[in-house]
file start.pdb (PDB, C-alpha atoms, pLDDT in the B column)
ATOM      1  CA  MET A 417      14.487  -5.303   8.584  1.00 67.00           C
ATOM      2  CA  PHE A 418      10.897  -6.318   7.762  1.00 70.00           C
ATOM      3  CA  LYS A 419       9.969  -6.152  11.411  1.00 75.00           C
ATOM      4  CA  LYS A 420      11.118  -2.541  11.576  1.00 76.00           C
ATOM      5  CA  LEU A 421       9.538  -1.768   8.224  1.00 74.00           C
ATOM      6  CA  PHE A 422       6.062  -2.870   9.290  1.00 75.00           C
ATOM      7  CA  ALA A 423       6.369  -1.926  12.960  1.00 76.00           C
ATOM      8  CA  THR A 424       3.759   0.235  14.595  1.00 76.00           C
ATOM      9  CA  PRO A 425       4.546   2.823  17.261  1.00 77.00           C
ATOM     10  CA  GLN A 426       4.367   1.385  20.767  1.00 77.00           C
ATOM     11  CA  HIS A 427       3.491   2.971  24.091  1.00 78.00           C
ATOM     12  CA  GLY A 428       6.500   4.396  25.886  1.00 80.00           C
ATOM     13  CA  MET A 429       8.379   4.992  22.658  1.00 82.00           C
ATOM     14  CA  SER A 430      10.379   8.196  22.765  1.00 85.00           C
ATOM     15  CA  ASP A 431       9.865  10.914  20.207  1.00 84.00           C
ATOM     16  CA  GLU A 432      13.335  10.247  18.816  1.00 87.00           C
ATOM     17  CA  ASP A 433      12.615   6.521  18.354  1.00 88.00           C
ATOM     18  CA  TYR A 434       9.292   7.369  16.707  1.00 86.00           C
ATOM     19  CA  SER A 435      11.058   9.817  14.410  1.00 87.00           C
ATOM     20  CA  HIS A 436      13.665   7.205  13.422  1.00 88.00           C
ATOM     21  CA  LEU A 437      10.995   4.576  12.787  1.00 87.00           C
ATOM     22  CA  THR A 438       8.951   6.954  10.664  1.00 88.00           C
ATOM     23  CA  LYS A 439      12.027   8.113   8.745  1.00 90.00           C
ATOM     24  CA  TYR A 440      13.014   4.487   8.029  1.00 90.00           C
ATOM     25  CA  GLN A 441       9.551   3.625   6.723  1.00 88.00           C
ATOM     26  CA  ILE A 442       9.254   6.780   4.608  1.00 90.00           C
ATOM     27  CA  ASP A 443      12.740   6.297   3.166  1.00 90.00           C
ATOM     28  CA  PHE A 444      11.815   2.738   2.165  1.00 91.00           C
ATOM     29  CA  VAL A 445       8.663   3.891   0.381  1.00 89.00           C
ATOM     30  CA  SER A 446      10.463   6.694  -1.456  1.00 90.00           C
ATOM     31  CA  ILE A 447      13.300   4.361  -2.528  1.00 91.00           C
ATOM     32  CA  LEU A 448      10.726   1.803  -3.693  1.00 90.00           C
ATOM     33  CA  PHE A 449       8.975   4.489  -5.764  1.00 89.00           C
ATOM     34  CA  ILE A 450      12.276   5.561  -7.332  1.00 90.00           C
ATOM     35  CA  ILE A 451      13.193   1.948  -8.191  1.00 91.00           C
ATOM     36  CA  LEU A 452       9.772   1.398  -9.752  1.00 88.00           C
ATOM     37  CA  ALA A 453      10.106   4.657 -11.711  1.00 86.00           C
ATOM     38  CA  ILE A 454      13.522   3.632 -13.057  1.00 88.00           C
ATOM     39  CA  PHE A 455      12.190   0.191 -13.958  1.00 85.00           C
ATOM     40  CA  LEU A 456       9.224   1.703 -15.792  1.00 80.00           C
ATOM     41  CA  PHE A 457      11.501   4.178 -17.559  1.00 81.00           C
ATOM     42  CA  ALA A 458      13.629   1.320 -18.851  1.00 83.00           C
ATOM     43  CA  LEU A 459      10.492  -0.593 -19.774  1.00 78.00           C
ATOM     44  CA  SER A 460       8.863   2.341 -21.556  1.00 76.00           C
ATOM     45  CA  LEU A 461      11.498   2.429 -24.304  1.00 77.00           C
ATOM     46  CA  PRO A 462      10.508  -0.959 -25.786  1.00 78.00           C
ATOM     47  CA  ILE A 463       6.851  -0.140 -25.139  1.00 72.00           C
ATOM     48  CA  TYR A 464       7.175   2.984 -27.311  1.00 73.00           C
ATOM     49  CA  TYR A 465       8.843   0.963 -30.036  1.00 75.00           C
ATOM     50  CA  PHE A 466       6.552  -2.087 -30.095  1.00 75.00           C
ATOM     51  CA  TYR A 467       3.164  -0.857 -28.892  1.00 72.00           C
ATOM     52  CA  GLY A 468       2.984   2.724 -30.035  1.00 66.00           C
ATOM     53  CA  HIS A 469       2.763   6.139 -28.570  1.00 68.00           C
ATOM     54  CA  LYS A 470      -0.417   5.806 -26.460  1.00 66.00           C
ATOM     55  CA  LEU A 471       0.749   2.947 -24.268  1.00 66.00           C
ATOM     56  CA  GLY A 472       4.238   4.436 -24.051  1.00 64.00           C
ATOM     57  CA  SER A 473       2.864   7.795 -22.948  1.00 70.00           C
ATOM     58  CA  PHE A 474       0.871   6.005 -20.243  1.00 73.00           C
ATOM     59  CA  ALA A 475       4.059   4.337 -18.992  1.00 72.00           C
ATOM     60  CA  SER A 476       5.967   7.615 -19.065  1.00 74.00           C
ATOM     61  CA  GLY A 477       3.194   9.333 -17.123  1.00 79.00           C
ATOM     62  CA  LEU A 478       3.247   6.509 -14.608  1.00 82.00           C
ATOM     63  CA  TYR A 479       6.992   6.653 -13.973  1.00 81.00           C
ATOM     64  CA  SER A 480       6.918  10.447 -13.885  1.00 83.00           C
ATOM     65  CA  GLY A 481       4.169  10.298 -11.264  1.00 87.00           C
ATOM     66  CA  LEU A 482       6.075   7.718  -9.224  1.00 86.00           C
ATOM     67  CA  PHE A 483       9.212   9.840  -9.286  1.00 87.00           C
ATOM     68  CA  ALA A 484       7.271  12.981  -8.324  1.00 90.00           C
ATOM     69  CA  GLY A 485       5.561  11.010  -5.554  1.00 88.00           C
ATOM     70  CA  ALA A 486       8.910   9.836  -4.180  1.00 89.00           C
ATOM     71  CA  ILE A 487      10.242  13.390  -4.125  1.00 91.00           C
ATOM     72  CA  SER A 488       7.090  14.757  -2.480  1.00 91.00           C
ATOM     73  CA  ILE A 489       7.084  11.996   0.165  1.00 90.00           C
ATOM     74  CA  LYS A 490      10.712  12.737   0.997  1.00 90.00           C
ATOM     75  CA  LEU A 491      10.103  16.509   1.178  1.00 91.00           C
ATOM     76  CA  TRP A 492       7.031  15.972   3.346  1.00 88.00           C
ATOM     77  CA  SER A 493       9.021  13.764   5.725  1.00 88.00           C
ATOM     78  CA  VAL A 494      11.834  16.311   5.991  1.00 88.00           C
ATOM     79  CA  ILE A 495       9.356  19.065   6.871  1.00 89.00           C
ATOM     80  CA  TYR A 496       7.317  16.822   9.166  1.00 86.00           C
ATOM     81  CA  LEU A 497      10.248  15.285  11.051  1.00 87.00           C
ATOM     82  CA  SER A 498      11.999  18.638  11.589  1.00 89.00           C
ATOM     83  CA  ASN A 499       9.154  19.910  13.787  1.00 88.00           C
ATOM     84  CA  PRO A 500       9.371  18.255  17.243  1.00 89.00           C
ATOM     85  CA  HIS A 501       5.877  19.364  18.273  1.00 91.00           C
ATOM     86  CA  GLU A 502       4.347  17.771  15.193  1.00 88.00           C
ATOM     87  CA  VAL A 503       6.329  14.554  15.761  1.00 88.00           C
ATOM     88  CA  HIS A 504       5.109  14.383  19.366  1.00 88.00           C
ATOM     89  CA  ARG A 505       1.497  15.058  18.348  1.00 87.00           C
ATOM     90  CA  ARG A 506       1.593  12.363  15.655  1.00 86.00           C
ATOM     91  CA  LYS A 507       3.245   9.868  18.013  1.00 87.00           C
ATOM     92  CA  ILE A 508       0.475  10.327  20.553  1.00 86.00           C
ATOM     93  CA  LYS A 509      -2.135   9.974  17.822  1.00 84.00           C
ATOM     94  CA  ASP A 510      -0.516   6.806  16.442  1.00 81.00           C
ATOM     95  CA  THR A 511      -0.108   5.138  19.848  1.00 83.00           C
ATOM     96  CA  ASP A 512      -3.660   5.841  21.021  1.00 82.00           C
ATOM     97  CA  GLU A 513      -5.491   2.529  21.422  1.00 82.00           C
ATOM     98  CA  ARG A 514      -8.859   3.957  20.431  1.00 84.00           C
ATOM     99  CA  VAL A 515      -7.477   5.252  17.142  1.00 79.00           C
ATOM    100  CA  GLN A 516      -5.819   1.902  16.421  1.00 79.00           C
ATOM    101  CA  GLN A 517      -9.054   0.036  17.137  1.00 83.00           C
ATOM    102  CA  VAL A 518     -11.017   2.356  14.848  1.00 83.00           C
ATOM    103  CA  ARG A 519      -8.433   1.862  12.087  1.00 81.00           C
ATOM    104  CA  GLN A 520      -8.589  -1.923  12.460  1.00 85.00           C
ATOM    105  CA  ARG A 521     -12.369  -1.916  12.247  1.00 86.00           C
ATOM    106  CA  ALA A 522     -12.291   0.380   9.223  1.00 86.00           C
ATOM    107  CA  ASP A 523      -9.754  -1.888   7.509  1.00 84.00           C
ATOM    108  CA  ALA A 524     -11.878  -4.967   8.200  1.00 87.00           C
ATOM    109  CA  LEU A 525     -15.005  -3.245   6.891  1.00 85.00           C
ATOM    110  CA  THR A 526     -13.121  -2.069   3.803  1.00 84.00           C
ATOM    111  CA  LEU A 527     -12.063  -5.639   3.077  1.00 83.00           C
ATOM    112  CA  LYS A 528     -15.653  -6.844   3.393  1.00 85.00           C
ATOM    113  CA  ILE A 529     -16.941  -4.090   1.105  1.00 85.00           C
ATOM    114  CA  LEU A 530     -14.240  -4.853  -1.478  1.00 83.00           C
ATOM    115  CA  LEU A 531     -15.145  -8.520  -1.331  1.00 81.00           C
ATOM    116  CA  VAL A 532     -18.835  -7.741  -1.929  1.00 84.00           C
ATOM    117  CA  ILE A 533     -17.969  -5.407  -4.834  1.00 82.00           C
ATOM    118  CA  ALA A 534     -15.655  -7.992  -6.381  1.00 79.00           C
ATOM    119  CA  TYR A 535     -18.317 -10.679  -5.967  1.00 80.00           C
ATOM    120  CA  LEU A 536     -21.011  -8.504  -7.567  1.00 82.00           C
ATOM    121  CA  THR A 537     -18.653  -7.650 -10.418  1.00 78.00           C
ATOM    122  CA  PHE A 538     -17.982 -11.352 -10.862  1.00 77.00           C
ATOM    123  CA  ILE A 539     -21.681 -12.271 -10.925  1.00 79.00           C
ATOM    124  CA  LEU A 540     -22.729  -9.428 -13.225  1.00 78.00           C
ATOM    125  CA  GLY A 541     -19.706  -9.780 -15.465  1.00 75.00           C
ATOM    126  CA  LEU A 542     -20.066 -13.529 -15.754  1.00 72.00           C
ATOM    127  CA  SER A 543     -23.376 -13.170 -17.550  1.00 74.00           C
ATOM    128  CA  TYR A 544     -21.919 -10.771 -20.137  1.00 74.00           C
ATOM    129  CA  PHE A 545     -18.250 -11.741 -20.419  1.00 71.00           C
ATOM    130  CA  THR A 546     -18.116 -15.523 -20.197  1.00 70.00           C
ATOM    131  CA  GLU A 547     -14.768 -15.763 -21.980  1.00 73.00           C
ATOM    132  CA  TYR A 548     -13.113 -13.634 -19.271  1.00 71.00           C
ATOM    133  CA  TYR A 549     -14.159 -15.885 -16.386  1.00 71.00           C
ATOM    134  CA  TRP A 550     -10.733 -16.097 -14.722  1.00 72.00           C
ATOM    135  CA  TYR A 551     -10.108 -12.381 -15.021  1.00 72.00           C
ATOM    136  CA  LEU A 552     -13.288 -11.806 -13.044  1.00 69.00           C
ATOM    137  CA  ALA A 553     -12.714 -14.595 -10.525  1.00 76.00           C
ATOM    138  CA  THR A 554      -9.080 -13.765  -9.727  1.00 79.00           C
ATOM    139  CA  PRO A 555      -9.706 -10.753  -7.433  1.00 79.00           C
ATOM    140  CA  ILE A 556     -12.189 -12.717  -5.329  1.00 77.00           C
ATOM    141  CA  VAL A 557      -9.862 -15.685  -5.005  1.00 81.00           C
ATOM    142  CA  LEU A 558      -6.906 -13.450  -4.137  1.00 82.00           C
ATOM    143  CA  ILE A 559      -8.871 -11.516  -1.503  1.00 80.00           C
ATOM    144  CA  LEU A 560     -10.061 -14.729   0.142  1.00 79.00           C
ATOM    145  CA  ILE A 561      -6.590 -16.310   0.068  1.00 85.00           C
ATOM    146  CA  LEU A 562      -5.047 -13.157   1.500  1.00 83.00           C
ATOM    147  CA  GLN A 563      -7.659 -12.845   4.228  1.00 79.00           C
ATOM    148  CA  TYR A 564      -7.340 -16.427   5.452  1.00 82.00           C
ATOM    149  CA  SER A 565      -3.550 -16.483   5.197  1.00 85.00           C
ATOM    150  CA  LEU A 566      -3.296 -13.256   7.214  1.00 80.00           C
ATOM    151  CA  ARG A 567      -5.662 -14.667   9.841  1.00 79.00           C
ATOM    152  CA  TRP A 568      -3.504 -17.782  10.110  1.00 82.00           C
ATOM    153  CA  LEU A 569      -0.302 -15.736  10.279  1.00 81.00           C
ATOM    154  CA  PHE A 570      -1.616 -13.387  12.946  1.00 76.00           C
ATOM    155  CA  THR A 571      -2.915 -16.249  15.099  1.00 75.00           C
ATOM    156  CA  LYS A 572       0.558 -17.797  14.945  1.00 79.00           C
ATOM    157  CA  LEU A 573       2.384 -14.548  15.692  1.00 74.00           C
ATOM    158  CA  LEU A 574       0.029 -13.080  18.263  1.00 65.00           C
TER     159      LEU A 574
END

call {"tool": "encode", "arguments": {"input": "start.pdb", "output": "structure tokens"}}
result
Amino acid sequence: MFKKLFATPQHGMSDEDYSHLTKYQIDFVSILFIILAIFLFALSLPIYYFYGHKLGSFASGLYSGLFAGAISIKLWSVIYLSNPHEVHRRKIKDTDERVQQVRQRADALTLKILLVIAYLTFILGLSYFTEYYWYLATPIVLILILQYSLRWLFTKLL
């Protein structure tokens, strides 16, 4: 299930297989959004009661946005997957090696930029907010742990 969920389109994949893979992944995301929206709806009732109207209205806006996002993702997928020419064009774009290499480089550069921003925030914030040290250090530690664990995982898998 997870292998299909995080699978990328491969060369030689038919348009029908690509359509099924895309539909599976989009359905998972929309179901996840709906589950999160229902969870936040159930959570917003005690938030209204205990923490007041402002925090409760934030939670209600968040679950409303998640539910609207799930509906729009599903509608977009229905429109997108019903057009065979668009499916074929997107499959070719997703299986192109040059596009995949550009995306990988952009993702790696994004991670490095986020790490630099988190580090600068940590250094600048540490001088002003010494009591919030762990709140500032946590993003840096999590990024570094995630980066090295993904490197280890990919060297084992690939």

call {"tool": "closest_atom_pairs", "arguments": {"input": "start.pdb", "of": "region 490-515 of chain A", "to": "region 438-451 of chain A", "cutoff": "12 Å", "atoms": "only C-alpha atoms", "output": "tab-separated table"}}
result
residue	atom	partner	partner_atom	distance
A:Lys490	CA	A:Ser446	CA	6.5
A:Leu491	CA	A:Ser446	CA	10.2
A:Trp492	CA	A:Ile442	CA	9.5
A:Ser493	CA	A:Ile442	CA	7.1
A:Val494	CA	A:Lys439	CA	8.7
A:Ile495	CA	A:Lys439	CA	11.4
A:Tyr496	CA	A:Lys439	CA	9.9
A:Leu497	CA	A:Lys439	CA	7.7
A:Ser498	CA	A:Lys439	CA	10.9
A:Val503	CA	A:Thr438	CA	9.5
A:Arg506	CA	A:Thr438	CA	10.4
A:Lys507	CA	A:Thr438	CA	9.7
A:Asp510	CA	A:Thr438	CA	11.1

call {"tool": "axis_aligned_box", "arguments": {"input": "start.pdb", "around": "region 440-449 of chain A", "padding_each_side": "5 Å", "output": "lines of an AutoDock Vina configuration file"}}
result
center_x = 11.0
center_y = 4.3
center_z = 1.1
size_x = 14.6
size_y = 15.0
size_z = 23.8

call {"tool": "residues_around", "arguments": {"input": "start.pdb", "residues": "Leu437 (chain A)", "least_positions_apart": "5", "cutoff": "9 Å", "atoms": "all atoms listed in the file", "output": "ChimeraX atom specification"}}
result
/A:420-421,423-425,432,442

call {"tool": "closest_residue", "arguments": {"input": "start.pdb", "among": "A:Ile556, A:Leu566, A:Ile508, A:Leu527", "to": "Ile539 (chain A)", "atoms": "only C-alpha atoms"}}
result
A:Ile556

call {"tool": "closest_residue", "arguments": {"input": "start.pdb", "among": "A:Leu530, A:Ala484, A:Leu540, A:Leu569", "to": "Pro555 (chain A)", "atoms": "only C-alpha atoms"}}
result
A:Leu530

call {"tool": "resolve_selection", "arguments": {"input": "start.pdb", "expression": "the PyMOL selection byres ((chain A and resi 459) around 12)", "output": "ChimeraX atom specification"}}
result
/A:452-458,460-467,471-476,478-479

call {"tool": "closest_residue", "arguments": {"input": "start.pdb", "among": "A:Lys528, A:Glu513, A:Val518, A:Gly481", "to": "Gln563 (chain A)", "atoms": "all atoms listed in the file"}}
result
A:Lys528

call {"tool": "atom_distance", "arguments": {"input": "start.pdb", "atom1": "CA of Trp568 (chain A)", "atom2": "CA of Gln516 (chain A)"}}
result
20.8 Å

call {"tool": "atom_distance", "arguments": {"input": "start.pdb", "atom1": "CA of Glu547 (chain A)", "atom2": "CA of Tyr564 (chain A)"}}
result
28.4 Å

call {"tool": "atom_distance", "arguments": {"input": "start.pdb", "atom1": "CA of Thr546 (chain A)", "atom2": "CA of Ser565 (chain A)"}}
result
29.3 Å

call {"tool": "closest_residue", "arguments": {"input": "start.pdb", "among": "A:Leu562, A:Gly485, A:Ala522, A:Asp431", "to": "His501 (chain A)", "atoms": "only C-alpha atoms"}}
result
A:Asp431

call {"tool": "closest_residue", "arguments": {"input": "start.pdb", "among": "A:Leu573, A:Leu482, A:Ile487, A:Ile559", "to": "Ile529 (chain A)", "atoms": "only C-alpha atoms"}}
result
A:Ile559

call {"tool": "build_atoms", "arguments": {"input": "start.pdb", "residues": "region 512-523 of chain A", "atoms": "all heavy atoms", "output": "tab-separated table (two decimals), in the frame of the given file"}}
result
chain	number	residue	atom	x	y	z
A	512	ASP	N	-2.38	5.88	20.32
A	512	ASP	CA	-3.66	5.84	21.02
A	512	ASP	C	-4.41	4.57	20.65
A	512	ASP	O	-4.59	4.25	19.47
A	512	ASP	CB	-4.49	7.08	20.65
A	512	ASP	CG	-5.76	7.20	21.48
A	512	ASP	OD1	-5.86	6.51	22.52
A	512	ASP	OD2	-6.64	7.98	21.07
A	513	GLU	N	-4.84	3.82	21.66
A	513	GLU	CA	-5.49	2.53	21.42
A	513	GLU	C	-6.84	2.69	20.74
A	513	GLU	O	-7.23	1.85	19.94
A	513	GLU	CB	-5.67	1.77	22.74
A	513	GLU	CG	-4.36	1.31	23.34
A	513	GLU	CD	-4.56	0.62	24.67
A	513	GLU	OE1	-5.72	0.39	25.07
A	513	GLU	OE2	-3.55	0.30	25.30
A	514	ARG	N	-7.55	3.75	21.06
A	514	ARG	CA	-8.86	3.96	20.43
A	514	ARG	C	-8.71	4.20	18.93
A	514	ARG	O	-9.47	3.67	18.13
A	514	ARG	CB	-9.58	5.14	21.08
A	514	ARG	CG	-9.96	4.87	22.53
A	514	ARG	CD	-10.49	6.10	23.16
A	514	ARG	NE	-9.37	7.06	23.24
A	514	ARG	CZ	-9.46	8.30	23.68
A	514	ARG	NH1	-10.62	8.75	24.05
A	514	ARG	NH2	-8.41	9.08	23.74
A	515	VAL	N	-7.71	4.98	18.56
A	515	VAL	CA	-7.48	5.25	17.14
A	515	VAL	C	-7.07	3.97	16.42
A	515	VAL	O	-7.53	3.70	15.30
A	515	VAL	CB	-6.41	6.36	16.97
A	515	VAL	CG1	-6.02	6.52	15.52
A	515	VAL	CG2	-6.89	7.67	17.54
A	516	GLN	N	-6.23	3.16	17.04
A	516	GLN	CA	-5.82	1.90	16.42
A	516	GLN	C	-7.00	0.95	16.25
A	516	GLN	O	-7.12	0.27	15.23
A	516	GLN	CB	-4.73	1.25	17.24
A	516	GLN	CG	-3.41	1.97	17.17
A	516	GLN	CD	-2.34	1.33	18.04
A	516	GLN	OE1	-2.61	0.40	18.79
A	516	GLN	NE2	-1.13	1.84	17.94
A	517	GLN	N	-7.89	0.91	17.24
A	517	GLN	CA	-9.05	0.04	17.14
A	517	GLN	C	-10.00	0.51	16.03
A	517	GLN	O	-10.53	-0.30	15.26
A	517	GLN	CB	-9.79	-0.01	18.46
A	517	GLN	CG	-10.91	-1.01	18.49
A	517	GLN	CD	-11.58	-1.09	19.85
A	517	GLN	OE1	-11.39	-0.22	20.70
A	517	GLN	NE2	-12.37	-2.11	20.05
A	518	VAL	N	-10.17	1.82	15.91
A	518	VAL	CA	-11.02	2.36	14.85
A	518	VAL	C	-10.41	2.04	13.48
A	518	VAL	O	-11.12	1.65	12.55
A	518	VAL	CB	-11.21	3.88	15.04
A	518	VAL	CG1	-11.80	4.51	13.81
A	518	VAL	CG2	-12.09	4.15	16.24
A	519	ARG	N	-9.10	2.17	13.36
A	519	ARG	CA	-8.43	1.86	12.09
A	519	ARG	C	-8.57	0.39	11.73
A	519	ARG	O	-8.78	0.02	10.56
A	519	ARG	CB	-6.96	2.24	12.16
A	519	ARG	CG	-6.72	3.72	12.09
A	519	ARG	CD	-5.25	4.03	12.15
A	519	ARG	NE	-5.02	5.46	12.19
A	519	ARG	CZ	-3.86	6.02	12.41
A	519	ARG	NH1	-2.79	5.26	12.63
A	519	ARG	NH2	-3.73	7.32	12.43
A	520	GLN	N	-8.45	-0.50	12.72
A	520	GLN	CA	-8.59	-1.92	12.46
A	520	GLN	C	-10.01	-2.27	12.01
A	520	GLN	O	-10.19	-3.07	11.09
A	520	GLN	CB	-8.21	-2.73	13.70
A	520	GLN	CG	-6.73	-2.72	13.99
A	520	GLN	CD	-6.40	-3.37	15.32
A	520	GLN	OE1	-7.29	-3.77	16.07
A	520	GLN	NE2	-5.11	-3.47	15.61
A	521	ARG	N	-10.98	-1.67	12.65
A	521	ARG	CA	-12.37	-1.92	12.25
A	521	ARG	C	-12.64	-1.37	10.85
A	521	ARG	O	-13.34	-1.99	10.06
A	521	ARG	CB	-13.34	-1.30	13.25
A	521	ARG	CG	-13.44	-2.06	14.53
A	521	ARG	CD	-14.51	-1.50	15.40
A	521	ARG	NE	-14.60	-2.26	16.64
A	521	ARG	CZ	-15.45	-1.99	17.59
A	521	ARG	NH1	-16.27	-0.97	17.48
A	521	ARG	NH2	-15.47	-2.72	18.68
A	522	ALA	N	-12.10	-0.20	10.56
A	522	ALA	CA	-12.29	0.38	9.22
A	522	ALA	C	-11.62	-0.48	8.16
A	522	ALA	O	-12.17	-0.68	7.07
A	522	ALA	CB	-11.74	1.80	9.19
A	523	ASP	N	-10.44	-1.01	8.46
A	523	ASP	CA	-9.75	-1.89	7.51
A	523	ASP	C	-10.54	-3.18	7.27
A	523	ASP	O	-10.65	-3.65	6.14
A	523	ASP	CB	-8.35	-2.22	8.00
A	523	ASP	CG	-7.42	-1.02	7.97
A	523	ASP	OD1	-7.76	-0.02	7.32
A	523	ASP	OD2	-6.36	-1.09	8.63
